[in-house]
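Data block below; observations after.
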Amino acid sequence: MKFKLIIAYDGENYEGWQTQKTGTGVQQVVEGALAKLFPGKPALHGSSRTDTGVHALGMVAHFEIPPHDFKMTLRKLPLALNAWLPEDIRVLSATRTPENFHARFDAIGKQYRYFVWNNHAMNPLLRRTAWHVPQKLDLKQMHTAAKCFIGKHDFQSFAANPGYKKETTVRTLTRCDVKKSGAQFTFIIEGDGFLYKMCRGIVGTIVQTGLGKFPPGQVKTMLAQKDRRMAGMSAPAHGLTLWKVFY
């Protein structure tokens, strides 16, 4: 039997999603909860790797167990797992999936959201999920810069070195929006895949255009240079959330 889980977590206390040699990944904590329920100690396969400190509302993962090990109703599975999980990790739903489903390889796209609080004083209720930028941001300039990222590009200039060689650094973004509601700016980025720290490089660069550090049109030059040193800053991890995964 194969199950798909939708998992949400506050990433502040974790070294990202993936199980780590040093530090704790969210994956290993959820696997620990699975081991409490199922004697086979099933492995969990996630749809994405999130960086240290990044949050998730829509992480997708799957696991498999023999049918005779499943002795509860499907509705009770999230409740049973959450009983063994810390408060900063929650299984939101569990569903049965076909045998050939794979959380990572079947994903066709992802949406990330990044939150910025743009006021001289930080909202203390958002301090763990939004980046505080006290200087005034120019929304029009940021909209122009964001549009430059949409489409198929080599995003080498906006990604950090993952420590291993990537087959390609070309990705396609179908959406890169900036929305404003009061002091909060929400960046919505959708694409077929993301490089290591790519979202944070994009957001940091857009915010710098909003601060007047460079003109929005310079984004096209940054993309063409394929050099991380030529692009803008990387936004802090705690403002980023994996919002949903598309299949």
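By order of appearance in the structure tokens: chains A, B, ..., then residues from 1 within every chain, and ligands from 1 in the order shown.
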If we count only C-alpha atoms, what is near stretch 124-128 of chain A at a cut-off of 8 Å, once residues fewer than 3 positions away on the same chain are taken out, given as a PyMOL selection string?
chain A and resi 12+131-132+238-239
Would you mind listing what lies within 12 Å of A:Lys36 as a PyMOL selection string, with only C-alpha atoms counted and same-chain residues fewer than 6 positions away left out?
chain A and resi 29-30+42+80-85
Restricting the calculation to only C-alpha atoms, which member of A:Asp177, A:Asp10, A:Glu15, A:Glu64 is positioned closest to A:Glu31?
A:Glu64
Can you tell me which residues surround A:Gln135 at a distance of at most 8 Å, considering only C-alpha atoms, apart from same-chain residues fewer than 5 positions away, and format the answer as an MDAnalysis selection string?
chainID A and resid 118:120 211
Could you turn the residues from that selection into a file that holds C-alpha atoms, as a PDB file, in the first residue's frame?
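Full text of result_25.pdb as output:
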ATOM      1  CA  ASN A 118       8.007  46.647   4.716  1.00  0.00           C
ATOM      2  CA  ASN A 119       7.670  49.016   7.640  1.00  0.00           C
ATOM      3  CA  HIS A 120      10.065  50.821   9.968  1.00  0.00           C
ATOM      4  CA  LEU A 211      15.323  49.817  -3.037  1.00  0.00           C
TER       5      LEU A 211
END
Please provide as a PyMOL selection string all residues within 7 Å of stretch 170-175 of chain A, with the sequence filter that same-chain residues fewer than 2 positions apart are discarded (counting only C-alpha atoms).
chain A and resi 149-155+168+177+189-194
If you count only C-alpha atoms, which residues fall within 12 Å of A:Leu92, apart from same-chain ones fewer than 6 positions away, as a ChimeraX atom specification?
/A:4-9,56-61,75-82
Can you write out the residues you just picked, keeping N, CA, C and O atoms, as a PDB file, in the first residue's frame?
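Done, and the output landed in selection-v4.pdb:
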ATOM      1  N   LYS A   4       0.164   8.990   0.184  1.00  0.00           N
ATOM      2  CA  LYS A   4       0.692  10.339  -0.061  1.00  0.00           C
ATOM      3  C   LYS A   4       0.319  11.234   1.119  1.00  0.00           C
ATOM      4  O   LYS A   4      -0.850  11.295   1.513  1.00  0.00           O
ATOM      5  N   LEU A   5       1.305  11.909   1.666  1.00  0.00           N
ATOM      6  CA  LEU A   5       1.088  12.836   2.778  1.00  0.00           C
ATOM      7  C   LEU A   5       1.309  14.272   2.322  1.00  0.00           C
ATOM      8  O   LEU A   5       2.222  14.550   1.533  1.00  0.00           O
ATOM      9  N   ILE A   6       0.494  15.190   2.814  1.00  0.00           N
ATOM     10  CA  ILE A   6       0.750  16.627   2.685  1.00  0.00           C
ATOM     11  C   ILE A   6       1.219  17.096   4.053  1.00  0.00           C
ATOM     12  O   ILE A   6       0.510  16.919   5.057  1.00  0.00           O
ATOM     13  N   ILE A   7       2.413  17.671   4.090  1.00  0.00           N
ATOM     14  CA  ILE A   7       3.058  18.002   5.362  1.00  0.00           C
ATOM     15  C   ILE A   7       3.360  19.498   5.429  1.00  0.00           C
ATOM     16  O   ILE A   7       3.849  20.092   4.460  1.00  0.00           O
ATOM     17  N   ALA A   8       3.071  20.098   6.564  1.00  0.00           N
ATOM     18  CA  ALA A   8       3.407  21.500   6.825  1.00  0.00           C
ATOM     19  C   ALA A   8       4.403  21.551   7.976  1.00  0.00           C
ATOM     20  O   ALA A   8       4.324  20.735   8.901  1.00  0.00           O
ATOM     21  N   TYR A   9       5.330  22.494   7.907  1.00  0.00           N
ATOM     22  CA  TYR A   9       6.273  22.636   9.018  1.00  0.00           C
ATOM     23  C   TYR A   9       6.873  24.029   9.094  1.00  0.00           C
ATOM     24  O   TYR A   9       6.994  24.737   8.098  1.00  0.00           O
ATOM     25  N   ALA A  56       7.269  25.081   5.081  1.00  0.00           N
ATOM     26  CA  ALA A  56       6.421  24.436   4.067  1.00  0.00           C
ATOM     27  C   ALA A  56       4.980  24.371   4.554  1.00  0.00           C
ATOM     28  O   ALA A  56       4.726  24.145   5.738  1.00  0.00           O
ATOM     29  N   LEU A  57       4.071  24.593   3.624  1.00  0.00           N
ATOM     30  CA  LEU A  57       2.647  24.346   3.876  1.00  0.00           C
ATOM     31  C   LEU A  57       2.153  23.196   3.012  1.00  0.00           C
ATOM     32  O   LEU A  57       1.128  22.606   3.304  1.00  0.00           O
ATOM     33  N   GLY A  58       2.897  22.893   1.929  1.00  0.00           N
ATOM     34  CA  GLY A  58       2.427  21.893   0.989  1.00  0.00           C
ATOM     35  C   GLY A  58       3.475  20.890   0.566  1.00  0.00           C
ATOM     36  O   GLY A  58       3.490  20.458  -0.595  1.00  0.00           O
ATOM     37  N   MET A  59       4.371  20.510   1.471  1.00  0.00           N
ATOM     38  CA  MET A  59       5.338  19.460   1.138  1.00  0.00           C
ATOM     39  C   MET A  59       4.587  18.151   0.898  1.00  0.00           C
ATOM     40  O   MET A  59       3.731  17.763   1.691  1.00  0.00           O
ATOM     41  N   VAL A  60       4.907  17.479  -0.194  1.00  0.00           N
ATOM     42  CA  VAL A  60       4.287  16.190  -0.509  1.00  0.00           C
ATOM     43  C   VAL A  60       5.334  15.097  -0.306  1.00  0.00           C
ATOM     44  O   VAL A  60       6.497  15.259  -0.685  1.00  0.00           O
ATOM     45  N   ALA A  61       4.928  13.989   0.308  1.00  0.00           N
ATOM     46  CA  ALA A  61       5.831  12.858   0.516  1.00  0.00           C
ATOM     47  C   ALA A  61       5.022  11.566   0.413  1.00  0.00           C
ATOM     48  O   ALA A  61       3.798  11.567   0.621  1.00  0.00           O
ATOM     49  N   ARG A  75      -8.595   8.008   7.581  1.00  0.00           N
ATOM     50  CA  ARG A  75      -8.860   9.289   8.245  1.00  0.00           C
ATOM     51  C   ARG A  75      -8.038   9.452   9.519  1.00  0.00           C
ATOM     52  O   ARG A  75      -7.687  10.566   9.910  1.00  0.00           O
ATOM     53  N   LYS A  76      -7.723   8.337  10.157  1.00  0.00           N
ATOM     54  CA  LYS A  76      -6.981   8.409  11.422  1.00  0.00           C
ATOM     55  C   LYS A  76      -5.464   8.493  11.237  1.00  0.00           C
ATOM     56  O   LYS A  76      -4.745   8.805  12.186  1.00  0.00           O
ATOM     57  N   LEU A  77      -4.980   8.230  10.025  1.00  0.00           N
ATOM     58  CA  LEU A  77      -3.532   8.222   9.817  1.00  0.00           C
ATOM     59  C   LEU A  77      -2.878   9.563  10.148  1.00  0.00           C
ATOM     60  O   LEU A  77      -1.875   9.590  10.884  1.00  0.00           O
ATOM     61  N   PRO A  78      -3.385  10.709   9.651  1.00  0.00           N
ATOM     62  CA  PRO A  78      -2.764  11.986  10.040  1.00  0.00           C
ATOM     63  C   PRO A  78      -2.807  12.227  11.548  1.00  0.00           C
ATOM     64  O   PRO A  78      -1.832  12.734  12.135  1.00  0.00           O
ATOM     65  N   LEU A  79      -3.916  11.852  12.188  1.00  0.00           N
ATOM     66  CA  LEU A  79      -4.041  12.045  13.636  1.00  0.00           C
ATOM     67  C   LEU A  79      -3.007  11.208  14.386  1.00  0.00           C
ATOM     68  O   LEU A  79      -2.382  11.679  15.348  1.00  0.00           O
ATOM     69  N   ALA A  80      -2.832   9.970  13.923  1.00  0.00           N
ATOM     70  CA  ALA A  80      -1.875   9.080  14.586  1.00  0.00           C
ATOM     71  C   ALA A  80      -0.446   9.585  14.417  1.00  0.00           C
ATOM     72  O   ALA A  80       0.354   9.556  15.363  1.00  0.00           O
ATOM     73  N   LEU A  81      -0.115  10.065  13.233  1.00  0.00           N
ATOM     74  CA  LEU A  81       1.239  10.594  12.997  1.00  0.00           C
ATOM     75  C   LEU A  81       1.474  11.866  13.804  1.00  0.00           C
ATOM     76  O   LEU A  81       2.526  12.040  14.418  1.00  0.00           O
ATOM     77  N   ASN A  82       0.491  12.763  13.800  1.00  0.00           N
ATOM     78  CA  ASN A  82       0.656  14.026  14.526  1.00  0.00           C
ATOM     79  C   ASN A  82       0.818  13.821  16.030  1.00  0.00           C
ATOM     80  O   ASN A  82       1.443  14.641  16.714  1.00  0.00           O
TER      81      ASN A  82
END
A:Ser234 surroundings by only C-alpha atoms, 7 Å radius, close-in-sequence under 5 positions cut, as a ChimeraX atom specification:
/A:200-201,204
Excluding A:Gly46 and residues on its chain fewer than 3 positions from it, collect all residues at most 9 Å away from it, counting only C-alpha atoms, and give them as a PyMOL selection string.
chain A and resi 17-18+27+49+59-62+102-104
Restricting the output to all heavy atoms, write the selected residues as a compact mmCIF listing (two decimals), in the first residue's frame.
# COMPACT_ATOMS: atom_id res chain seq x y z
N TRP A 17 14.51 19.94 4.79
CA TRP A 17 13.66 18.75 4.74
C TRP A 17 14.46 17.48 4.90
O TRP A 17 14.12 16.59 5.67
CB TRP A 17 12.89 18.71 3.42
CG TRP A 17 12.35 17.34 3.09
CD1 TRP A 17 12.89 16.41 2.24
CD2 TRP A 17 11.19 16.72 3.65
NE1 TRP A 17 12.15 15.26 2.22
CE2 TRP A 17 11.09 15.43 3.09
CE3 TRP A 17 10.22 17.12 4.57
CZ2 TRP A 17 10.05 14.54 3.42
CZ3 TRP A 17 9.20 16.25 4.90
CH2 TRP A 17 9.12 14.97 4.33
N GLN A 18 15.55 17.37 4.15
CA GLN A 18 16.22 16.09 3.99
C GLN A 18 16.95 15.63 5.26
O GLN A 18 17.49 16.44 6.01
CB GLN A 18 17.22 16.17 2.83
CG GLN A 18 17.64 14.84 2.27
CD GLN A 18 18.38 15.02 0.95
OE1 GLN A 18 18.93 16.08 0.66
NE2 GLN A 18 18.43 13.99 0.14
N GLN A 27 12.41 15.32 7.38
CA GLN A 27 12.17 13.96 6.89
C GLN A 27 12.40 12.91 7.96
O GLN A 27 11.58 12.01 8.17
CB GLN A 27 13.07 13.70 5.68
CG GLN A 27 12.95 12.30 5.10
CD GLN A 27 13.98 12.06 4.00
OE1 GLN A 27 14.91 12.84 3.81
NE2 GLN A 27 13.81 10.99 3.26
N ARG A 49 13.58 19.34 -1.76
CA ARG A 49 14.51 19.61 -0.66
C ARG A 49 14.32 21.08 -0.31
O ARG A 49 14.47 21.94 -1.18
CB ARG A 49 15.96 19.42 -1.11
CG ARG A 49 16.31 18.01 -1.54
CD ARG A 49 17.75 17.98 -2.00
NE ARG A 49 18.16 16.66 -2.45
CZ ARG A 49 19.41 16.36 -2.83
NH1 ARG A 49 20.34 17.29 -2.82
NH2 ARG A 49 19.70 15.13 -3.22
N MET A 59 4.37 20.51 1.47
CA MET A 59 5.34 19.46 1.14
C MET A 59 4.59 18.15 0.90
O MET A 59 3.73 17.76 1.69
CB MET A 59 6.35 19.29 2.27
CG MET A 59 7.29 18.09 2.09
SD MET A 59 8.37 18.20 0.63
CE MET A 59 9.62 19.34 1.25
N VAL A 60 4.91 17.48 -0.19
CA VAL A 60 4.29 16.19 -0.51
C VAL A 60 5.33 15.10 -0.31
O VAL A 60 6.50 15.26 -0.68
CB VAL A 60 3.77 16.15 -1.96
CG1 VAL A 60 3.16 14.79 -2.29
CG2 VAL A 60 2.74 17.26 -2.17
N ALA A 61 4.93 13.99 0.31
CA ALA A 61 5.83 12.86 0.52
C ALA A 61 5.02 11.57 0.41
O ALA A 61 3.80 11.57 0.62
CB ALA A 61 6.51 12.95 1.88
N HIS A 62 5.70 10.47 0.08
CA HIS A 62 5.00 9.18 0.03
C HIS A 62 5.79 8.12 0.79
O HIS A 62 7.00 8.24 0.98
CB HIS A 62 4.74 8.73 -1.42
CG HIS A 62 5.94 8.16 -2.11
ND1 HIS A 62 6.74 8.89 -2.96
CD2 HIS A 62 6.47 6.90 -2.10
CE1 HIS A 62 7.72 8.12 -3.42
NE2 HIS A 62 7.57 6.91 -2.92
N HIS A 102 5.13 8.67 -7.49
CA HIS A 102 6.36 9.07 -6.80
C HIS A 102 6.29 10.57 -6.50
O HIS A 102 6.10 11.38 -7.42
CB HIS A 102 7.59 8.77 -7.64
CG HIS A 102 8.87 8.78 -6.84
ND1 HIS A 102 9.44 9.96 -6.40
CD2 HIS A 102 9.67 7.78 -6.39
CE1 HIS A 102 10.55 9.68 -5.72
NE2 HIS A 102 10.69 8.36 -5.69
N ALA A 103 6.42 10.92 -5.24
CA ALA A 103 6.26 12.32 -4.81
C ALA A 103 7.20 13.26 -5.54
O ALA A 103 6.83 14.39 -5.88
CB ALA A 103 6.47 12.42 -3.30
N ARG A 104 8.43 12.82 -5.79
CA ARG A 104 9.41 13.69 -6.43
C ARG A 104 9.35 13.63 -7.95
O ARG A 104 9.25 14.65 -8.63
CB ARG A 104 10.82 13.31 -5.95
CG ARG A 104 11.92 14.14 -6.59
CD ARG A 104 13.29 13.68 -6.13
NE ARG A 104 14.36 14.29 -6.90
CZ ARG A 104 15.61 13.87 -6.90
NH1 ARG A 104 15.96 12.83 -6.16
NH2 ARG A 104 16.52 14.48 -7.62
